[in-house]
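To keep things clear, I will list the structure first and then write my remarks on it.
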Amino acid sequence: MKAKTQEELIYLNMTMKVPYKWRTGETMGEFFRELKENGIIYANQCPTCGRHFCLPKSVCTRDHTKCTERSKWIPVGPKGTLVTYFMAEQSFLLPTTGEMLKIPFAVGIVLLDGAAVILQHQLEETDTEKIKPFMRVEAVIKPKEERKGNIYDIVHFKTIHE
């Protein structure tokens, strides 16, 4: 048999920008509208198991029960307790902005006041000597005219001393 010649492949290194829109759905859309217009973080609850959700969910992820409607949502935060955190020293491209994330950055798991619900978000503090589990933090929300109706309307959580 005659051997096939191997075709030479040409590679092109490039970064492509692929803009897209993602529909939030009714429940999450209402959460982001409230955050944008009023600067309030809300949670909702499963009437069956009692779990709270922030960001609110239309259906409980555990027992598939319809969660509480908008009129029964409860405001949570903006203060909370840092449960744990992680520190990143490797930058990556933010898919929502197309910019490289500034390093180092810390992301915390925050137990928000008002309900047994957590929110994962960036911390202002990046010094690991100053970040401690169970320290108190507070959400810093953008000024109303700068809000766009997404999770980045919360700039970060800053350390507070109470």
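Naming works like this for the structure tokens: A, B, ... for the chains as they're shown, residue 1 at the start of each chain, ligands 1 onward in shown order.
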Which neighbours of stretch 34-40 of chain A fall inside 9 Å, counting only C-alpha atoms, when residues of the same chain fewer than 3 positions from it are skipped, and could you give them as a short mmCIF file (atom, residue, chain, number, x, y, z; two decimals) with C-alpha atoms, in the first residue's frame?
```cif
data_model
loop_
_atom_site.label_atom_id
_atom_site.label_comp_id
_atom_site.auth_asym_id
_atom_site.auth_seq_id
_atom_site.Cartn_x
_atom_site.Cartn_y
_atom_site.Cartn_z
CA GLY A 29 -33.91 38.76 36.96
CA GLU A 30 -36.00 40.13 39.82
CA PHE A 31 -33.06 39.68 42.22
CA PRO A 75 -33.59 41.19 52.59
CA VAL A 76 -30.25 39.79 53.74
CA GLY A 77 -26.92 41.44 54.45
CA PRO A 78 -25.31 43.67 53.52
CA ILE A 141 -22.49 48.27 46.52
CA LYS A 142 -21.82 50.55 43.55
CA PRO A 143 -23.49 53.95 43.43
CA LYS A 144 -26.95 53.68 41.81
CA GLU A 145 -25.91 55.42 38.59
CA GLU A 146 -23.13 52.86 38.02
CA ARG A 147 -25.18 49.70 38.63
CA LYS A 148 -25.92 47.43 35.68
CA GLY A 149 -28.10 44.74 37.23
CA ASN A 150 -25.55 41.98 37.73
CA ILE A 151 -23.55 40.46 40.58
CA ASP A 153 -23.09 45.71 41.38
CA ILE A 154 -21.62 44.35 44.61
#
```
| message | So that I can check the secondary structure, give me every residue of chain A assigned strand (DSSP E or B) by backbone DSSP, as a PyMOL selection string. | response | chain A and resi 41-45+52-53+59+66+74-76+79-88+93+100+105-112+117-123+136-141+154-159
| request: Please measure the separation of atom CA of A:Gln45 and atom CA of A:Arg136, giving the value in Å to one decimal. | output: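 Those two atoms sit 24.0 Å apart.
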| Neighbour list for A:Leu101 as a VMD selection string, cut-off 12 Å, only C-alpha atoms, skip fewer than 4 positions in-chain | chain A and resid 88 to 97 105 to 106 122
| request: Write out as number ranges by chain all residues of chain A that backbone DSSP assigns to helix (DSSP H, G or I). | output: A: 25-38, 70-72, 144-146, 151-153
Using only N, CA and C atoms, please write the residues we just selected to a file, as a PDB file, in the first residue's frame.
```pdb
ATOM      1  N   GLY A  25     -33.817  34.662  33.604  1.00  0.00           N
ATOM      2  CA  GLY A  25     -35.055  34.055  34.070  1.00  0.00           C
ATOM      3  C   GLY A  25     -35.753  35.010  35.017  1.00  0.00           C
ATOM      4  N   GLU A  26     -36.988  34.705  35.346  1.00  0.00           N
ATOM      5  CA  GLU A  26     -37.810  35.604  36.141  1.00  0.00           C
ATOM      6  C   GLU A  26     -37.260  35.820  37.547  1.00  0.00           C
ATOM      7  N   THR A  27     -36.892  34.741  38.237  1.00  0.00           N
ATOM      8  CA  THR A  27     -36.467  34.848  39.635  1.00  0.00           C
ATOM      9  C   THR A  27     -35.148  35.599  39.767  1.00  0.00           C
ATOM     10  N   MET A  28     -34.131  35.169  39.046  1.00  0.00           N
ATOM     11  CA  MET A  28     -32.839  35.834  39.148  1.00  0.00           C
ATOM     12  C   MET A  28     -32.906  37.248  38.569  1.00  0.00           C
ATOM     13  N   GLY A  29     -33.726  37.432  37.533  1.00  0.00           N
ATOM     14  CA  GLY A  29     -33.906  38.764  36.958  1.00  0.00           C
ATOM     15  C   GLY A  29     -34.463  39.739  37.980  1.00  0.00           C
ATOM     16  N   GLU A  30     -35.428  39.282  38.776  1.00  0.00           N
ATOM     17  CA  GLU A  30     -36.004  40.132  39.821  1.00  0.00           C
ATOM     18  C   GLU A  30     -34.961  40.442  40.902  1.00  0.00           C
ATOM     19  N   PHE A  31     -34.128  39.455  41.244  1.00  0.00           N
ATOM     20  CA  PHE A  31     -33.056  39.679  42.215  1.00  0.00           C
ATOM     21  C   PHE A  31     -32.123  40.791  41.725  1.00  0.00           C
ATOM     22  N   PHE A  32     -31.693  40.707  40.451  1.00  0.00           N
ATOM     23  CA  PHE A  32     -30.772  41.708  39.913  1.00  0.00           C
ATOM     24  C   PHE A  32     -31.444  43.074  39.731  1.00  0.00           C
ATOM     25  N   ARG A  33     -32.736  43.102  39.417  1.00  0.00           N
ATOM     26  CA  ARG A  33     -33.457  44.377  39.338  1.00  0.00           C
ATOM     27  C   ARG A  33     -33.460  45.071  40.705  1.00  0.00           C
ATOM     28  N   GLU A  34     -33.740  44.313  41.749  1.00  0.00           N
ATOM     29  CA  GLU A  34     -33.751  44.882  43.106  1.00  0.00           C
ATOM     30  C   GLU A  34     -32.360  45.377  43.506  1.00  0.00           C
ATOM     31  N   LEU A  35     -31.335  44.596  43.166  1.00  0.00           N
ATOM     32  CA  LEU A  35     -29.968  45.006  43.483  1.00  0.00           C
ATOM     33  C   LEU A  35     -29.621  46.289  42.734  1.00  0.00           C
ATOM     34  N   LYS A  36     -29.983  46.363  41.470  1.00  0.00           N
ATOM     35  CA  LYS A  36     -29.685  47.547  40.658  1.00  0.00           C
ATOM     36  C   LYS A  36     -30.455  48.775  41.132  1.00  0.00           C
ATOM     37  N   GLU A  37     -31.757  48.623  41.336  1.00  0.00           N
ATOM     38  CA  GLU A  37     -32.592  49.779  41.636  1.00  0.00           C
ATOM     39  C   GLU A  37     -32.521  50.217  43.096  1.00  0.00           C
ATOM     40  N   ASN A  38     -32.403  49.260  44.016  1.00  0.00           N
ATOM     41  CA  ASN A  38     -32.477  49.598  45.439  1.00  0.00           C
ATOM     42  C   ASN A  38     -31.238  49.231  46.245  1.00  0.00           C
ATOM     43  N   ARG A  70     -41.955  36.266  45.112  1.00  0.00           N
ATOM     44  CA  ARG A  70     -41.269  37.539  45.335  1.00  0.00           C
ATOM     45  C   ARG A  70     -41.787  38.290  46.567  1.00  0.00           C
ATOM     46  N   SER A  71     -43.062  38.269  46.819  1.00  0.00           N
ATOM     47  CA  SER A  71     -43.616  39.020  47.946  1.00  0.00           C
ATOM     48  C   SER A  71     -43.131  38.507  49.307  1.00  0.00           C
ATOM     49  N   LYS A  72     -42.575  37.287  49.331  1.00  0.00           N
ATOM     50  CA  LYS A  72     -42.099  36.705  50.591  1.00  0.00           C
ATOM     51  C   LYS A  72     -40.571  36.649  50.688  1.00  0.00           C
ATOM     52  N   LYS A 144     -25.803  54.055  42.648  1.00  0.00           N
ATOM     53  CA  LYS A 144     -26.947  53.681  41.815  1.00  0.00           C
ATOM     54  C   LYS A 144     -26.713  53.947  40.334  1.00  0.00           C
ATOM     55  N   GLU A 145     -26.108  55.072  40.005  1.00  0.00           N
ATOM     56  CA  GLU A 145     -25.914  55.424  38.591  1.00  0.00           C
ATOM     57  C   GLU A 145     -24.903  54.523  37.878  1.00  0.00           C
ATOM     58  N   GLU A 146     -24.117  53.773  38.619  1.00  0.00           N
ATOM     59  CA  GLU A 146     -23.129  52.861  38.023  1.00  0.00           C
ATOM     60  C   GLU A 146     -23.600  51.410  37.956  1.00  0.00           C
ATOM     61  N   ILE A 151     -24.187  40.730  39.290  1.00  0.00           N
ATOM     62  CA  ILE A 151     -23.551  40.458  40.581  1.00  0.00           C
ATOM     63  C   ILE A 151     -22.403  41.432  40.870  1.00  0.00           C
ATOM     64  N   TYR A 152     -21.862  42.058  39.822  1.00  0.00           N
ATOM     65  CA  TYR A 152     -20.768  43.008  40.017  1.00  0.00           C
ATOM     66  C   TYR A 152     -21.263  44.372  40.488  1.00  0.00           C
ATOM     67  N   ASP A 153     -22.586  44.516  40.696  1.00  0.00           N
ATOM     68  CA  ASP A 153     -23.087  45.707  41.379  1.00  0.00           C
ATOM     69  C   ASP A 153     -22.637  45.677  42.836  1.00  0.00           C
TER      70      ASP A 153
END
```
| task | Report the distance between atom CA of A:Phe53 and atom CA of A:Ile41 in Å, rounded to one decimal place. | result | 11.1 Å
| Contacts of A:Thr126 at 12 Å (only C-alpha atoms; same-chain gap of 3+ positions) as JSON, numbers by chain | {"A": [85, 86, 87, 88, 89, 102, 103, 104, 105, 106, 107, 108, 122, 123, 129, 130, 131, 132, 156, 157, 158, 159]}
Give me, as a tab-separated table, the closest atom pair and its distance (Å, one decimal) for every residue of stretch 81-137 of chain A within a cut-off of 12 Å of stretch 55-69 of chain A, counting only C-alpha atoms, rows sorted by chain and rising number.
```
residue	atom	partner	partner_atom	distance
A:Leu112	CA	A:Leu55	CA	11.7
A:Val117	CA	A:Leu55	CA	9.3
A:Ile118	CA	A:Leu55	CA	9.1
A:Leu119	CA	A:Leu55	CA	7.7
A:Gln120	CA	A:Leu55	CA	10.1
A:His121	CA	A:Leu55	CA	11.8
```
| note | Separating atom CA of A:Gly98 from atom CA of A:Val110, to the nearest tenth of an Å, is a gap of 26.1 Å
| field | Which residue of A:Glu99, A:Phe134, A:Ile160, A:Asp127 approaches A:Lys17 most closely, using only C-alpha atoms | value |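 Of all the options, A:Glu99 lies closest to A:Lys17.
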| said: Nearest residue to A:Ile74 out of A:Val155, A:Ala115, A:Ala3, A:Ile109, using only C-alpha atoms? | reply: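 So, comparing all the options, the nearest one is A:Ala115.
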| Residue nearest A:Ala116 - candidates A:Ala43, A:Met135, A:Met100, A:Thr128, atoms counted: only C-alpha atoms |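 Nearest candidate to A:Ala116 out of A:Ala43, A:Met135, A:Met100, A:Thr128: A:Ala43.
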